[in-house]
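Colleague: Below is one structure. I have some questions about it.
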Amino acid sequence: MSETLAGALGVLPEELLAPPVLELVGVRASYGPIEVLHGVDLTVRAGQVVALLGPNGGGKSTTVKVACGLLPLTSGELRYGGRKVDGISAQDTARLGVCTIPEGRGIFANLSVRENLWLATGTGVSRAAIEEAAFGRFPILGDRRNQLAGSMSGGEQQMLALSRALATDPAVLLLDELSMGLAPMIVSQMYDTVAQLVEEGISVLVAEQFARTVLPIADVAAVMLQGRVTAVGSPAEIDADLSTTYLGG
Amino acid sequence: MELFLTYTIVGLVLGSVYAIAASGLVLTYTTSGVFNFAHGAQAMLAAFLYWQLSVGWGLPVPVAFLLVVLVLGPLVGVVLHRFLMHGLRDVAEVTKVIVTVAVLLGMVSLSQWVWDPTEPRKVEMLFGNSASVELFGVRVRYHEIICLVAAALLAIGLRLLFTRSRLGVTMRGVVDDPDLLRLNGHNPDRVAMASWALGSGLAAFAGVLVTPVAGGSLEASMLTLLIIDTFAAAMFGRLQSIPRTFVGALVLGLASTYLLAYAPSSWDWAGNVKTALPMIVLFLVLLVLPQDRLRGAQVRTRERSRVPSVRQALGWGVAFVAIVALLTKVADPLMHGSFVAGLAFAIIALSLVPLTGYAGEINLVPLSFGAVGVIVAYHVGIVGSGLASRMGWVGLLAGTVAAALVGGLVALPALRLRGLYLALATMAFGGLVSTLVLTEIHPRSWFGWEGAIFPTGTIMVPPVQLGPFDLDSDATAMIVLAAIFALLGTGIVALRNTGYGRRLVAMKDSPAASAMLGQSLVRLKLGVFMLSAAIAGLGGILMAASAGSVSTDAFMITASLALVMLTVVGGVGYVSGALFGGMMVGMGFALVNGTFRDLALTHDAWSPVLGSMGHLFAVLVALMGITVNQNPSGIVHQLCGGYRPLLRARPVLYVGAGVAALLVALNLLGVIGDWWLAIALFCVVALTPVLGQVWMAERVLPPEQLEAHAARRRVLPVERRGLDAPMTPEERYDLDVALGLPPRPLPSHDVEVALAGGVPLKEAVRG
């Protein structure tokens with residue numbers, strides 16, 4: 001009702017009228033008896049890059065896990081494209097068009113590069129198309145197509161993980177600590193790739209401990225502390241407040 | 001040359017069958033993390049089914065063969081995965097082992113129930129035993145050719161599956177990271193189920209092929225253990241590599257055939273070594289396996305053991321001896337014997353409490369350590385002769401020490417192994433004892449000592465005499481064994497309360513952390529293993545002495561497995577769990593069989609039904625093992641936990657005690673027999689807490705459970721909905737319908753519904 005009214009009055013810009021791609025409303029989640037998310041609200045709109053910042057243990061990774069369906073939420077709502085999908089399984093989010101790259105390299109270490117790419121066809125893309133997209137963007141992966149993924153360097157492994165996002169044409173990309181353990185040059189290369197994906201119209205939620213690496217490409221930044229989103233704003237605003245946020249000043 | 005070729009072919013055929021079975025085992029282990037001890041039992045069951053279909057019901061051989069291998073075998077795998085293995089990914093290793101062991105025992109019991117073991121059955125080779133061709137001057141039977149070709153095709157097929165098919169690559173992906181596989185849009189459970197179906201199909205295939213190769217007669221235990229031999233081949237491939245597993249299987253098959261063929265005739269033990277070869281290889285391979293890296297993460301377990309104080313343990317011990325002393329006066333003297341056996345088994349089971357319950361290591365063959373104790377005690381400890389002969393304390397001591405030393409010897413090389421690998425190493429040791437030691441029934445010269453280790457296969461062990469206590473009388477034996485059990489139990493509880501006990505538990509919870517605190521894991525493990533073996537040795541001697549004689553069968557691996565399983569079911573972290581396990585093994589079966597035999601005598605018409613009750617019980621006992629996953633702390637613990645809240649609801653306790661007293665009175669009046677009394681008392685003990693929950697729920701149940709019960713019964717009037725608690729989606733839907741609004745769809749886990757009319761998210765959000 002309010003949406004149609006606001007639309008009629010022209011109060012809100014057009015893109016806000018479409019349902020957000022990803023929405024977490026009052027999400028609580030726990031590991032066993034210990035609750036770690038105490039009511040998280042977060043919205044990713046179409047085409048946006050939302051950076052989820054905050055120190056270790058703030059709940060960033062858990063939020064990503066809830067969003068991709070690896071961890072069930074205990075209360076609150078998870079919505080994709082405006083539809084409530086609480087209790088959705090991870091394989092179903094993947095088929096829905098959500099590509100998640102989990103913390104610490106989203107690759108199968110004991111499979112070859114090609115076999116890794118092959119597994120990405122679980123979302124219904126052909127094998128040839130995936131290899132073409134991956135090897136086109138990262139030629140080095142093409143050179144190592146038959147090498148075991150675990151034997152490659154950290155940067156190459158992350159390229160392989162990102163290839164999945166490139167090739168499966170997802171609507172949403174969930175990234176968890178993309179920069180972890182990588183050289184700064186490689187990190188910026190990774191984020192160049194992410195920026196390119198954004199241009200193609202993908203919405204991104206990226207959890208990142210090192211704010212400076214991700215803020216340049218973000219549209220919205222949110223800070224998580226102790227299982228809650230404590231601040232949401234433009235990257236510039238959040239950047240200015242970051243030191244207080246981290247140091248609790 | 002011709003002879004060599006013949007033996008080579010025989011060896012290769014055996015190796016092929018091993019390879020087929022072992023690759024199935026590796027397949028399920030890698031994709032689900034569960035080492036299937038029941039693999040051999042599945043093969044055995046398949047062989048019986050094949051016999052039933054082809055011989056019993058006269059189906060054509062190809063139909064029966066395909067039905068078993070392609071339909072029934074995989075179906076068993078699917079059922080096992082769906083109902084059992086599915087939930088076993090993140091549980092303690094002990095639980096995983098026990099659940100599959102329970103399946104093994106259940107399948108063996110089931111087969112003995114359906115197919116009477118006293119009736120001989122034979123399975124012929126495919127195309128008959130005589131259909132053969134001549135190759136290089138050697139007669140090769142069609143069946144053997146099928147085995148060889150099948151193994152070769154399987155090797156190629158599995159290779160193609162794992163590298164060329166998406167299913168195969170997905171199976172390998174499950175091993176690496178099941179969660180990542182989910183994020184790729186695959187369902188790891190479905191993949192694991194496929195691998196269980198395939199693995200079980202291979203077990204069935206091996207079972208049908210191996211029976212005629214191994215002589216053709218169907219015998220449940222023999223067939224089960226035969227496939228267990230393939231564990232060695234699987235370990236060759238470190239439970240990962242299928243090609244190496246194949247090499248291991250062929251080496252095993254060839255080695256055992258050559259050994260028998262080329263051993264000089266004076267090596268009369270060569271036959272035994274051939275039987276033992278897979279276990280020797282298993283043990284050796286385990287020893288040379290690269291060391292398991294200490295993992296930093298804490299091992300996740302759900303077993304929680306309350307630690308009783310020594311004072312409490314002592315109190316319970318005294319009460320236990322008093323109850324047993326009372327029983328000697330009340331119970332039928334005919335029952336005393338099985339009571340003594342139960343207590344002896346309980347002492348053996350006690351050996352598992354410090355080892356498995358505290359330190360978290362698995363010994364699958366406590367009875368084999370018991371056998372070591374018995375043999376040494378038999379040779380050095382008998383005093384006197386004829387009916388007056390007794391087992392003196394020297395024998396008890398020597399047997400106990402010997403068992404401890406052997407335990408140390410077994411553990412020393414196996415110390416760096418953990419969990420499953422240590423369990424397999426103990427199993428290999430059990431196999432060695434059964435096939436090499438207990439088969440030494442003829443005299444020979446041993447470093448100057450002349451004699452047989454286990455003369456005639458059955459040894460007479462006289463009753464124990466300890467100072468003034470002559471255990472020749474069953475009543476005395478009951479009290480003395482109860483006292484020994486109580487003493488040892490208190491000692492173990494006392495041990496748990498010392499720094500040593502805490503170190504053991506620390507090692508179980510996190511080996512890495514406890515190593516970093518400066519603990520010597522080697523010394524800890526060695527110590528606890530020797531302690532455990534010593535207790536098992538002592539228990540073994542007491543068991544043998546109370547039975548009067550023991551044969552090789554008493555120490556069979558399956559008997560050990562049953563004891564271990566029932567102890568874990570009872571609660572391996574508690575002394576009471578050991579009592580439960582021992583009593584069930586030593587007395588439970590006798591109790592049930594006795595009751596139903598008595599009944600069958602008096603109720604002639606029902607005798608076929610009553611006769612099969614013993615079998616039913618055996619299968620039910622195995623099913624208890626399957627429940628370990630739901631209740632990892634053990635049922636004795638659960639039962640006691642059920643009684644604690646009853647202190648707030650005394651009337652329930654009075655009713656329970658009253659019924660028990662009534663039953664005892666009826667027994668004394670001769671209305672019901674002793675066996676019935678025992679079973680009825682057991683039911684009363686088990687059901688009293690349930691009565692409390694139904695009758696005095698408000699005093700017994702915790703508040704949150706009461707609330708949940710009340711909420712289920714309460715139906716809110718429409719106008720109050722959404723006030724006390726948030727509206728459920730269902731209520732909101734109902735409300736929308738009632739108000740004539742377009743109802744919001746109910747939440748659905750189905751992707752197709754979650755998307756507006758099946759439009760992918762991408763299009764949905766871009767309008």
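Letters A, B, ... go to the chains of the structure tokens in the order shown; residues in each chain start at 1; ligands are counted from 1 in the same order.
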Taking only C-alpha atoms into account, which residues of chain A are within 7 Å of chain B, as a ChimeraX atom specification?

Modeller: /A:18-19,21,46,81,83-85,87-88,90-92,94-97,100,106,108-110,115,119-120,122-123,171

Colleague: Apply DSSP to the backbone of this structure and, from range 175-244 of chain B, keep only the residues in alpha helix (DSSP H); write these as a ChimeraX atom specification.

Modeller: /B:175-176,178-183,188-213,220-228,230-236,242-244

Colleague: Could you give me, as a PyMOL selection string, the residues within 8 Å of Asp229 in chain B, counting only C-alpha atoms and dropping anything in the same chain fewer than 6 positions from it?

Modeller: chain B and resi 18+278-279

Colleague: Which residues, written as a ChimeraX atom specification, have at least one atom at most 8 Å from Ser234 in chain A, with only C-alpha atoms counted and residues fewer than 3 positions away on the same chain left out?

Modeller: /A:219-221,237-238

Colleague: How would the residues just picked look written out with C-alpha atoms as a PDB file, in the first residue's frame?

Modeller:
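The result, written out as again00.pdb:
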ATOM      1  CA  ASP A 219      27.620   1.887  -2.687  1.00  0.00           C
ATOM      2  CA  VAL A 220      26.536   1.302   0.870  1.00  0.00           C
ATOM      3  CA  ALA A 221      28.580   0.301   3.895  1.00  0.00           C
ATOM      4  CA  GLU A 237      30.386   8.504   6.119  1.00  0.00           C
ATOM      5  CA  ILE A 238      31.340   5.125   7.377  1.00  0.00           C
TER       6      ILE A 238
END

Colleague: So that I can see what lies close to Val198 in chain A, please list as a CSV table (one decimal) with C-alpha atoms, in the first residue's frame the residues with an atom at most 8 Å from it, counting only C-alpha atoms and leaving out residues fewer than 6 positions away in the same chain.

Modeller:
chain,number,residue,atom,x,y,z
A,47,GLY,CA,22.9,-3.3,-8.6
A,48,GLN,CA,24.3,-2.2,-5.3
A,49,VAL,CA,27.6,-3.3,-3.6
A,204,VAL,CA,27.0,-7.8,-4.2

Colleague: May I have the residues within 10 Å of Leu78 in chain A as number ranges by chain, using only C-alpha atoms and disregarding those fewer than 2 positions away in the same chain?

Modeller: A: 22-27, 41-42, 66-69, 72-73, 75-76, 80, 82-88

Colleague: Identify, on the basis of only C-alpha atoms, every residue whose closest approach to range 692-702 of chain B does not exceed 8 Å; exclude the query and any residue fewer than 3 positions from it along the same chain; express the result as a list of chain:residue names.

Modeller: B:Pro645, B:Leu646, B:Arg648, B:Ala649, B:Val652, B:Thr688, B:Pro689, B:Gln705, B:Leu706

Colleague: May I have the selected residues written with N, CA and C atoms, as a short mmCIF file (atom, residue, chain, number, x, y, z; two decimals), in the first residue's frame?

Modeller:
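As a result, selection-v2.cif now contains:
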data_model
loop_
_atom_site.label_atom_id
_atom_site.label_comp_id
_atom_site.auth_asym_id
_atom_site.auth_seq_id
_atom_site.Cartn_x
_atom_site.Cartn_y
_atom_site.Cartn_z
N PRO B 645 14.05 -36.36 38.58
CA PRO B 645 12.88 -35.50 38.84
C PRO B 645 11.78 -36.21 39.63
N LEU B 646 11.82 -37.55 39.65
CA LEU B 646 10.77 -38.28 40.38
C LEU B 646 10.86 -38.03 41.88
N ARG B 648 10.67 -35.35 43.15
CA ARG B 648 9.65 -34.34 43.43
C ARG B 648 8.24 -34.92 43.31
N ALA B 649 8.16 -36.14 42.83
CA ALA B 649 6.85 -36.76 42.65
C ALA B 649 6.88 -38.13 43.30
N VAL B 652 4.76 -41.43 42.52
CA VAL B 652 5.14 -42.26 41.38
C VAL B 652 6.14 -43.32 41.81
N THR B 688 8.76 -46.61 35.01
CA THR B 688 8.35 -45.71 36.09
C THR B 688 8.53 -44.22 35.75
N PRO B 689 9.71 -43.83 35.18
CA PRO B 689 9.83 -42.40 34.81
C PRO B 689 8.78 -41.97 33.79
N GLN B 705 9.29 -27.54 28.91
CA GLN B 705 8.62 -28.66 28.26
C GLN B 705 7.11 -28.62 28.55
N LEU B 706 6.78 -28.24 29.80
CA LEU B 706 5.38 -28.10 30.17
C LEU B 706 4.70 -27.05 29.29
#

Colleague: When you draw a straight line from CA of Leu52 in chain A to CA of Met185 in chain A, how long is it in Å?

Modeller: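 These atoms are spaced 21.5 Å apart.
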
Colleague: Could you tell me, as a ChimeraX atom specification, which residues of range 52-163 of chain A DSSP assigns to strand (DSSP E or B) when given the backbone?

Modeller: /A:52-53,75-80,83-84,98-101,112,148

Colleague: By how many Å are CA of Asp604 in chain B and CA of Gly673 in chain B apart?

Modeller: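 These atoms are spaced 17.7 Å apart.
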
Colleague: CA of Pro463 in chain B and CA of Ile484 in chain B are how many Å apart?

Modeller: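 Those two atoms sit 15.4 Å apart.
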
Colleague: Nearest to Ala134 in chain A among A:Ala167, A:Glu77, A:Gly154, A:Trp118, with distances taken over only C-alpha atoms: which residue is it?

Modeller: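 With only C-alpha atoms as the atom set, the closest residue is A:Ala167.
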
Colleague: Let me make sure I understand: among A:Gly59, A:Ile107, A:Leu162, A:Thr168, which one has the smallest atom-to-atom distance to Ala128 in chain A if we use only C-alpha atoms?

Modeller: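 Under the stated criterion, the closest residue is A:Thr168.
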